[in-house]
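Chemist: File follows, protein31.pdb with PDB, N, CA and C atoms:
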```pdb
ATOM      1  N   MET A   2       6.686  64.414 -34.965  1.00  0.00           N
ATOM      2  CA  MET A   2       5.410  64.808 -34.393  1.00  0.00           C
ATOM      3  C   MET A   2       5.627  65.106 -32.916  1.00  0.00           C
ATOM      4  N   SER A   3       5.084  66.208 -32.421  1.00  0.00           N
ATOM      5  CA  SER A   3       5.237  66.563 -31.012  1.00  0.00           C
ATOM      6  C   SER A   3       4.253  65.767 -30.179  1.00  0.00           C
ATOM      7  N   ASP A   4       4.337  65.953 -28.859  1.00  0.00           N
ATOM      8  CA  ASP A   4       3.455  65.231 -27.940  1.00  0.00           C
ATOM      9  C   ASP A   4       2.042  65.771 -28.099  1.00  0.00           C
ATOM     10  N   THR A   5       1.379  65.344 -29.152  1.00  0.00           N
ATOM     11  CA  THR A   5       0.065  65.839 -29.525  1.00  0.00           C
ATOM     12  C   THR A   5      -1.006  65.293 -28.600  1.00  0.00           C
ATOM     13  N   ASP A   6      -1.840  66.186 -28.120  1.00  0.00           N
ATOM     14  CA  ASP A   6      -2.955  65.804 -27.261  1.00  0.00           C
ATOM     15  C   ASP A   6      -4.201  65.721 -28.128  1.00  0.00           C
ATOM     16  N   VAL A   7      -4.736  64.514 -28.256  1.00  0.00           N
ATOM     17  CA  VAL A   7      -5.919  64.303 -29.076  1.00  0.00           C
ATOM     18  C   VAL A   7      -7.018  63.772 -28.175  1.00  0.00           C
ATOM     19  N   GLY A   8      -8.032  64.573 -27.973  1.00  0.00           N
ATOM     20  CA  GLY A   8      -9.148  64.148 -27.149  1.00  0.00           C
ATOM     21  C   GLY A   8      -8.730  63.797 -25.731  1.00  0.00           C
ATOM     22  N   GLY A   9      -7.741  64.508 -25.202  1.00  0.00           N
ATOM     23  CA  GLY A   9      -7.279  64.250 -23.850  1.00  0.00           C
ATOM     24  C   GLY A   9      -6.268  63.119 -23.758  1.00  0.00           C
ATOM     25  N   ILE A  10      -5.821  62.605 -24.903  1.00  0.00           N
ATOM     26  CA  ILE A  10      -4.867  61.500 -24.936  1.00  0.00           C
ATOM     27  C   ILE A  10      -3.556  61.986 -25.540  1.00  0.00           C
ATOM     28  N   ALA A  11      -2.445  61.704 -24.881  1.00  0.00           N
ATOM     29  CA  ALA A  11      -1.127  62.050 -25.404  1.00  0.00           C
ATOM     30  C   ALA A  11      -0.797  61.034 -26.506  1.00  0.00           C
ATOM     31  N   ALA A  12      -1.072  61.412 -27.741  1.00  0.00           N
ATOM     32  CA  ALA A  12      -0.977  60.493 -28.883  1.00  0.00           C
ATOM     33  C   ALA A  12       0.422  59.921 -29.055  1.00  0.00           C
ATOM     34  N   ASP A  13       1.455  60.759 -28.899  1.00  0.00           N
ATOM     35  CA  ASP A  13       2.823  60.276 -29.084  1.00  0.00           C
ATOM     36  C   ASP A  13       3.189  59.242 -28.019  1.00  0.00           C
ATOM     37  N   ARG A  14       2.775  59.472 -26.807  1.00  0.00           N
ATOM     38  CA  ARG A  14       3.043  58.519 -25.714  1.00  0.00           C
ATOM     39  C   ARG A  14       2.313  57.202 -25.973  1.00  0.00           C
ATOM     40  N   LEU A  15       1.059  57.301 -26.388  1.00  0.00           N
ATOM     41  CA  LEU A  15       0.275  56.110 -26.707  1.00  0.00           C
ATOM     42  C   LEU A  15       0.928  55.327 -27.834  1.00  0.00           C
ATOM     43  N   ARG A  16       1.347  56.021 -28.889  1.00  0.00           N
ATOM     44  CA  ARG A  16       1.998  55.379 -30.032  1.00  0.00           C
ATOM     45  C   ARG A  16       3.267  54.654 -29.575  1.00  0.00           C
ATOM     46  N   SER A  17       4.050  55.305 -28.721  1.00  0.00           N
ATOM     47  CA  SER A  17       5.275  54.709 -28.209  1.00  0.00           C
ATOM     48  C   SER A  17       4.989  53.437 -27.429  1.00  0.00           C
ATOM     49  N   LEU A  18       3.982  53.458 -26.587  1.00  0.00           N
ATOM     50  CA  LEU A  18       3.620  52.278 -25.809  1.00  0.00           C
ATOM     51  C   LEU A  18       3.161  51.137 -26.702  1.00  0.00           C
ATOM     52  N   ILE A  19       2.324  51.460 -27.676  1.00  0.00           N
ATOM     53  CA  ILE A  19       1.822  50.443 -28.615  1.00  0.00           C
ATOM     54  C   ILE A  19       2.977  49.819 -29.390  1.00  0.00           C
ATOM     55  N   GLU A  20       3.904  50.634 -29.866  1.00  0.00           N
ATOM     56  CA  GLU A  20       5.045  50.119 -30.632  1.00  0.00           C
ATOM     57  C   GLU A  20       5.936  49.233 -29.778  1.00  0.00           C
ATOM     58  N   ARG A  21       6.126  49.585 -28.503  1.00  0.00           N
ATOM     59  CA  ARG A  21       6.914  48.739 -27.605  1.00  0.00           C
ATOM     60  C   ARG A  21       6.240  47.389 -27.406  1.00  0.00           C
ATOM     61  N   ILE A  22       4.922  47.399 -27.221  1.00  0.00           N
ATOM     62  CA  ILE A  22       4.178  46.148 -27.055  1.00  0.00           C
ATOM     63  C   ILE A  22       4.285  45.300 -28.319  1.00  0.00           C
ATOM     64  N   GLU A  23       4.152  45.920 -29.469  1.00  0.00           N
ATOM     65  CA  GLU A  23       4.261  45.178 -30.735  1.00  0.00           C
ATOM     66  C   GLU A  23       5.642  44.550 -30.887  1.00  0.00           C
ATOM     67  N   ARG A  24       6.680  45.303 -30.539  1.00  0.00           N
ATOM     68  CA  ARG A  24       8.051  44.796 -30.641  1.00  0.00           C
ATOM     69  C   ARG A  24       8.251  43.592 -29.707  1.00  0.00           C
ATOM     70  N   LEU A  25       7.754  43.719 -28.477  1.00  0.00           N
ATOM     71  CA  LEU A  25       7.880  42.614 -27.527  1.00  0.00           C
ATOM     72  C   LEU A  25       7.065  41.397 -27.973  1.00  0.00           C
ATOM     73  N   SER A  26       5.921  41.633 -28.582  1.00  0.00           N
ATOM     74  CA  SER A  26       5.105  40.530 -29.092  1.00  0.00           C
ATOM     75  C   SER A  26       5.838  39.764 -30.186  1.00  0.00           C
ATOM     76  N   GLU A  27       6.552  40.483 -31.030  1.00  0.00           N
ATOM     77  CA  GLU A  27       7.348  39.841 -32.073  1.00  0.00           C
ATOM     78  C   GLU A  27       8.470  39.008 -31.458  1.00  0.00           C
ATOM     79  N   GLU A  28       9.132  39.556 -30.438  1.00  0.00           N
ATOM     80  CA  GLU A  28      10.191  38.815 -29.757  1.00  0.00           C
ATOM     81  C   GLU A  28       9.627  37.573 -29.072  1.00  0.00           C
ATOM     82  N   LYS A  29       8.454  37.715 -28.474  1.00  0.00           N
ATOM     83  CA  LYS A  29       7.801  36.593 -27.801  1.00  0.00           C
ATOM     84  C   LYS A  29       7.498  35.485 -28.804  1.00  0.00           C
ATOM     85  N   ALA A  30       6.996  35.846 -29.972  1.00  0.00           N
ATOM     86  CA  ALA A  30       6.686  34.851 -31.006  1.00  0.00           C
ATOM     87  C   ALA A  30       7.953  34.122 -31.444  1.00  0.00           C
ATOM     88  N   ALA A  31       9.059  34.855 -31.565  1.00  0.00           N
ATOM     89  CA  ALA A  31      10.322  34.231 -31.965  1.00  0.00           C
ATOM     90  C   ALA A  31      10.802  33.264 -30.886  1.00  0.00           C
ATOM     91  N   ILE A  32      10.665  33.656 -29.625  1.00  0.00           N
ATOM     92  CA  ILE A  32      11.083  32.788 -28.527  1.00  0.00           C
ATOM     93  C   ILE A  32      10.202  31.542 -28.469  1.00  0.00           C
ATOM     94  N   GLU A  33       8.894  31.713 -28.656  1.00  0.00           N
ATOM     95  CA  GLU A  33       7.982  30.562 -28.666  1.00  0.00           C
ATOM     96  C   GLU A  33       8.335  29.594 -29.782  1.00  0.00           C
ATOM     97  N   SER A  34       8.736  30.125 -30.915  1.00  0.00           N
ATOM     98  CA  SER A  34       9.161  29.282 -32.031  1.00  0.00           C
ATOM     99  C   SER A  34      10.427  28.509 -31.661  1.00  0.00           C
ATOM    100  N   ASP A  35      11.363  29.180 -30.994  1.00  0.00           N
ATOM    101  CA  ASP A  35      12.588  28.509 -30.547  1.00  0.00           C
ATOM    102  C   ASP A  35      12.266  27.385 -29.565  1.00  0.00           C
ATOM    103  N   ILE A  36      11.324  27.641 -28.659  1.00  0.00           N
ATOM    104  CA  ILE A  36      10.930  26.621 -27.686  1.00  0.00           C
ATOM    105  C   ILE A  36      10.309  25.423 -28.393  1.00  0.00           C
ATOM    106  N   ARG A  37       9.447  25.673 -29.382  1.00  0.00           N
ATOM    107  CA  ARG A  37       8.858  24.571 -30.161  1.00  0.00           C
ATOM    108  C   ARG A  37       9.958  23.747 -30.843  1.00  0.00           C
ATOM    109  N   ASP A  38      10.966  24.437 -31.365  1.00  0.00           N
ATOM    110  CA  ASP A  38      12.081  23.739 -32.012  1.00  0.00           C
ATOM    111  C   ASP A  38      12.819  22.846 -31.022  1.00  0.00           C
ATOM    112  N   ILE A  39      13.009  23.331 -29.799  1.00  0.00           N
ATOM    113  CA  ILE A  39      13.706  22.532 -28.788  1.00  0.00           C
ATOM    114  C   ILE A  39      12.876  21.314 -28.408  1.00  0.00           C
ATOM    115  N   PHE A  40      11.551  21.507 -28.265  1.00  0.00           N
ATOM    116  CA  PHE A  40      10.694  20.355 -27.968  1.00  0.00           C
ATOM    117  C   PHE A  40      10.726  19.340 -29.114  1.00  0.00           C
ATOM    118  N   ALA A  41      10.770  19.817 -30.349  1.00  0.00           N
ATOM    119  CA  ALA A  41      10.861  18.902 -31.495  1.00  0.00           C
ATOM    120  C   ALA A  41      12.183  18.143 -31.456  1.00  0.00           C
ATOM    121  N   GLU A  42      13.248  18.831 -31.102  1.00  0.00           N
ATOM    122  CA  GLU A  42      14.557  18.185 -30.976  1.00  0.00           C
ATOM    123  C   GLU A  42      14.517  17.120 -29.877  1.00  0.00           C
ATOM    124  N   ALA A  43      13.902  17.459 -28.752  1.00  0.00           N
ATOM    125  CA  ALA A  43      13.794  16.516 -27.632  1.00  0.00           C
ATOM    126  C   ALA A  43      12.990  15.291 -28.044  1.00  0.00           C
ATOM    127  N   LYS A  44      11.884  15.519 -28.764  1.00  0.00           N
ATOM    128  CA  LYS A  44      11.056  14.405 -29.224  1.00  0.00           C
ATOM    129  C   LYS A  44      11.857  13.510 -30.168  1.00  0.00           C
ATOM    130  N   GLY A  45      12.629  14.126 -31.037  1.00  0.00           N
ATOM    131  CA  GLY A  45      13.472  13.367 -31.957  1.00  0.00           C
ATOM    132  C   GLY A  45      14.526  12.542 -31.242  1.00  0.00           C
ATOM    133  N   ALA A  46      14.917  12.999 -30.038  1.00  0.00           N
ATOM    134  CA  ALA A  46      15.909  12.270 -29.245  1.00  0.00           C
ATOM    135  C   ALA A  46      15.247  11.236 -28.338  1.00  0.00           C
ATOM    136  N   GLY A  47      13.911  11.104 -28.446  1.00  0.00           N
ATOM    137  CA  GLY A  47      13.212  10.076 -27.695  1.00  0.00           C
ATOM    138  C   GLY A  47      12.620  10.524 -26.368  1.00  0.00           C
ATOM    139  N   PHE A  48      12.672  11.824 -26.078  1.00  0.00           N
ATOM    140  CA  PHE A  48      12.101  12.317 -24.830  1.00  0.00           C
ATOM    141  C   PHE A  48      10.611  12.589 -24.999  1.00  0.00           C
ATOM    142  N   ASP A  49       9.865  12.449 -23.913  1.00  0.00           N
ATOM    143  CA  ASP A  49       8.420  12.672 -23.908  1.00  0.00           C
ATOM    144  C   ASP A  49       8.156  14.142 -23.574  1.00  0.00           C
ATOM    145  N   ASN A  50       7.609  14.882 -24.544  1.00  0.00           N
ATOM    146  CA  ASN A  50       7.386  16.312 -24.359  1.00  0.00           C
ATOM    147  C   ASN A  50       6.389  16.623 -23.248  1.00  0.00           C
ATOM    148  N   LYS A  51       5.366  15.795 -23.108  1.00  0.00           N
ATOM    149  CA  LYS A  51       4.378  16.031 -22.066  1.00  0.00           C
ATOM    150  C   LYS A  51       5.037  15.957 -20.688  1.00  0.00           C
ATOM    151  N   ILE A  52       5.881  14.974 -20.500  1.00  0.00           N
ATOM    152  CA  ILE A  52       6.582  14.814 -19.225  1.00  0.00           C
ATOM    153  C   ILE A  52       7.570  15.969 -19.025  1.00  0.00           C
ATOM    154  N   MET A  53       8.233  16.376 -20.079  1.00  0.00           N
ATOM    155  CA  MET A  53       9.162  17.510 -19.971  1.00  0.00           C
ATOM    156  C   MET A  53       8.425  18.776 -19.542  1.00  0.00           C
ATOM    157  N   ARG A  54       7.242  19.006 -20.104  1.00  0.00           N
ATOM    158  CA  ARG A  54       6.449  20.182 -19.714  1.00  0.00           C
ATOM    159  C   ARG A  54       6.038  20.095 -18.244  1.00  0.00           C
ATOM    160  N   THR A  55       5.717  18.889 -17.795  1.00  0.00           N
ATOM    161  CA  THR A  55       5.364  18.696 -16.387  1.00  0.00           C
ATOM    162  C   THR A  55       6.564  19.012 -15.500  1.00  0.00           C
ATOM    163  N   ILE A  56       7.738  18.548 -15.887  1.00  0.00           N
ATOM    164  CA  ILE A  56       8.954  18.814 -15.115  1.00  0.00           C
ATOM    165  C   ILE A  56       9.231  20.312 -15.059  1.00  0.00           C
ATOM    166  N   ILE A  57       9.069  20.996 -16.173  1.00  0.00           N
ATOM    167  CA  ILE A  57       9.290  22.450 -16.208  1.00  0.00           C
ATOM    168  C   ILE A  57       8.320  23.147 -15.264  1.00  0.00           C
ATOM    169  N   LYS A  58       7.067  22.710 -15.274  1.00  0.00           N
ATOM    170  CA  LYS A  58       6.058  23.285 -14.379  1.00  0.00           C
ATOM    171  C   LYS A  58       6.438  23.046 -12.918  1.00  0.00           C
ATOM    172  N   LEU A  59       6.900  21.828 -12.610  1.00  0.00           N
ATOM    173  CA  LEU A  59       7.295  21.500 -11.241  1.00  0.00           C
ATOM    174  C   LEU A  59       8.497  22.324 -10.789  1.00  0.00           C
ATOM    175  N   ARG A  60       9.431  22.555 -11.688  1.00  0.00           N
ATOM    176  CA  ARG A  60      10.629  23.327 -11.331  1.00  0.00           C
ATOM    177  C   ARG A  60      10.298  24.777 -11.013  1.00  0.00           C
ATOM    178  N   LYS A  61       9.174  25.270 -11.512  1.00  0.00           N
ATOM    179  CA  LYS A  61       8.751  26.641 -11.212  1.00  0.00           C
ATOM    180  C   LYS A  61       8.156  26.765  -9.811  1.00  0.00           C
ATOM    181  N   GLN A  62       7.743  25.640  -9.245  1.00  0.00           N
ATOM    182  CA  GLN A  62       7.099  25.648  -7.932  1.00  0.00           C
ATOM    183  C   GLN A  62       8.161  25.503  -6.833  1.00  0.00           C
ATOM    184  N   ASN A  63       7.814  26.013  -5.643  1.00  0.00           N
ATOM    185  CA  ASN A  63       8.712  25.767  -4.515  1.00  0.00           C
ATOM    186  C   ASN A  63       8.358  24.410  -3.904  1.00  0.00           C
ATOM    187  N   ALA A  64       9.179  23.943  -2.981  1.00  0.00           N
ATOM    188  CA  ALA A  64       9.007  22.605  -2.406  1.00  0.00           C
ATOM    189  C   ALA A  64       7.643  22.445  -1.728  1.00  0.00           C
ATOM    190  N   ALA A  65       7.181  23.463  -1.024  1.00  0.00           N
ATOM    191  CA  ALA A  65       5.891  23.374  -0.328  1.00  0.00           C
ATOM    192  C   ALA A  65       4.741  23.207  -1.315  1.00  0.00           C
ATOM    193  N   GLU A  66       4.790  23.934  -2.428  1.00  0.00           N
ATOM    194  CA  GLU A  66       3.748  23.799  -3.458  1.00  0.00           C
ATOM    195  C   GLU A  66       3.763  22.401  -4.062  1.00  0.00           C
ATOM    196  N   ARG A  67       4.959  21.885  -4.352  1.00  0.00           N
ATOM    197  CA  ARG A  67       5.070  20.535  -4.914  1.00  0.00           C
ATOM    198  C   ARG A  67       4.525  19.497  -3.942  1.00  0.00           C
ATOM    199  N   ASP A  68       4.887  19.647  -2.665  1.00  0.00           N
ATOM    200  CA  ASP A  68       4.408  18.698  -1.650  1.00  0.00           C
ATOM    201  C   ASP A  68       2.891  18.732  -1.546  1.00  0.00           C
ATOM    202  N   GLU A  69       2.314  19.933  -1.549  1.00  0.00           N
ATOM    203  CA  GLU A  69       0.856  20.066  -1.461  1.00  0.00           C
ATOM    204  C   GLU A  69       0.184  19.432  -2.676  1.00  0.00           C
ATOM    205  N   ASN A  70       0.714  19.690  -3.862  1.00  0.00           N
ATOM    206  CA  ASN A  70       0.145  19.107  -5.080  1.00  0.00           C
ATOM    207  C   ASN A  70       0.259  17.590  -5.076  1.00  0.00           C
ATOM    208  N   ASP A  71       1.409  17.075  -4.620  1.00  0.00           N
ATOM    209  CA  ASP A  71       1.588  15.620  -4.542  1.00  0.00           C
ATOM    210  C   ASP A  71       0.577  15.005  -3.574  1.00  0.00           C
ATOM    211  N   PHE A  72       0.386  15.656  -2.431  1.00  0.00           N
ATOM    212  CA  PHE A  72      -0.566  15.165  -1.431  1.00  0.00           C
ATOM    213  C   PHE A  72      -1.983  15.139  -2.005  1.00  0.00           C
ATOM    214  N   LEU A  73      -2.386  16.249  -2.664  1.00  0.00           N
ATOM    215  CA  LEU A  73      -3.727  16.314  -3.241  1.00  0.00           C
ATOM    216  C   LEU A  73      -3.912  15.284  -4.347  1.00  0.00           C
ATOM    217  N   LEU A  74      -2.912  15.135  -5.185  1.00  0.00           N
ATOM    218  CA  LEU A  74      -2.994  14.156  -6.270  1.00  0.00           C
ATOM    219  C   LEU A  74      -3.166  12.750  -5.703  1.00  0.00           C
ATOM    220  N   GLU A  75      -2.370  12.418  -4.694  1.00  0.00           N
ATOM    221  CA  GLU A  75      -2.470  11.089  -4.093  1.00  0.00           C
ATOM    222  C   GLU A  75      -3.825  10.895  -3.418  1.00  0.00           C
ATOM    223  N   THR A  76      -4.331  11.933  -2.767  1.00  0.00           N
ATOM    224  CA  THR A  76      -5.661  11.861  -2.120  1.00  0.00           C
ATOM    225  C   THR A  76      -6.742  11.615  -3.160  1.00  0.00           C
ATOM    226  N   TYR A  77      -6.694  12.350  -4.258  1.00  0.00           N
ATOM    227  CA  TYR A  77      -7.693  12.180  -5.319  1.00  0.00           C
ATOM    228  C   TYR A  77      -7.584  10.793  -5.947  1.00  0.00           C
ATOM    229  N   ARG A  78      -6.355  10.322  -6.161  1.00  0.00           N
ATOM    230  CA  ARG A  78      -6.153   8.999  -6.750  1.00  0.00           C
ATOM    231  C   ARG A  78      -6.766   7.909  -5.868  1.00  0.00           C
ATOM    232  N   LYS A  79      -6.536   8.031  -4.565  1.00  0.00           N
ATOM    233  CA  LYS A  79      -7.099   7.053  -3.627  1.00  0.00           C
ATOM    234  C   LYS A  79      -8.616   7.109  -3.637  1.00  0.00           C
ATOM    235  N   ALA A  80      -9.165   8.329  -3.694  1.00  0.00           N
ATOM    236  CA  ALA A  80     -10.620   8.490  -3.712  1.00  0.00           C
ATOM    237  C   ALA A  80     -11.242   7.848  -4.947  1.00  0.00           C
ATOM    238  N   LEU A  81     -10.487   7.822  -6.032  1.00  0.00           N
ATOM    239  CA  LEU A  81     -10.997   7.272  -7.292  1.00  0.00           C
ATOM    240  C   LEU A  81     -10.470   5.863  -7.576  1.00  0.00           C
ATOM    241  N   ASP A  82      -9.790   5.269  -6.619  1.00  0.00           N
ATOM    242  CA  ASP A  82      -9.222   3.931  -6.782  1.00  0.00           C
ATOM    243  C   ASP A  82      -8.295   3.823  -7.994  1.00  0.00           C
ATOM    244  N   LEU A  83      -7.436   4.786  -8.144  1.00  0.00           N
ATOM    245  CA  LEU A  83      -6.470   4.750  -9.271  1.00  0.00           C
ATOM    246  C   LEU A  83      -5.119   4.329  -8.776  1.00  0.00           C
TER
END
```
Just dump the structure as structure tokens.

Modeler:
Amino acid sequence: MSDTDVGGIAADRLRSLIERIERLSEEKAAIESDIRDIFAEAKGAGFDNKIMRTIIKLRKQNAAERDENDFLLETYRKALDL
């Protein structure tokens, strides 16, 4: 099929974009499944998945963000007598 223009839309280009998104969505689902498997393995080895997720989140932050979050958490804890 050539680059057909349907109602002002390049149908072939649109189809190509949609197919790429679908392919990536399938890959994403496979990766998410692999991640679930790793968390299940970690749980089986006695690790706490909730804490592991927190550590992963912290590792994504830079030091300044972590420091700010720690400060706010401690401030809120003190305010609530925790």

Chemist: Taking only region 25-83 of chain A into account, list the residues labelled alpha helix (DSSP H) by DSSP (computed from the backbone), as a PyMOL selection string.

Modeler: chain A and resi 25-45+50-61+64-80

Chemist: Taking all atoms of region 19-31 of chain A that appear in the file, build a box with edges along x, y and z, extend it by 4 Å on every side, and state its centre and edge lengths in Å to one decimal, as AutoDock Vina command-line options.

Modeler:
```
--center_x 6.3 --center_y 42.4 --center_z -29.6 --size_x 17.0 --size_y 26.2 --size_z 13.0
```

Chemist: Where does DSSP see strand (DSSP E) in chain A, if you list the residues as number ranges by chain?

Modeler: A: 6-7, 10-11

Chemist: Tell me, in Å to one decimal, how far atom N of Gly45 (chain A) is from atom N of Leu59 (chain A).

Modeler: 20.8 Å

Chemist: In Å, how far is it from CA of Ile56 (chain A) to CA of Leu74 (chain A)?

Modeler: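 Between CA of Ile56 (chain A) and CA of Leu74 (chain A) the gap works out to 15.6 Å.
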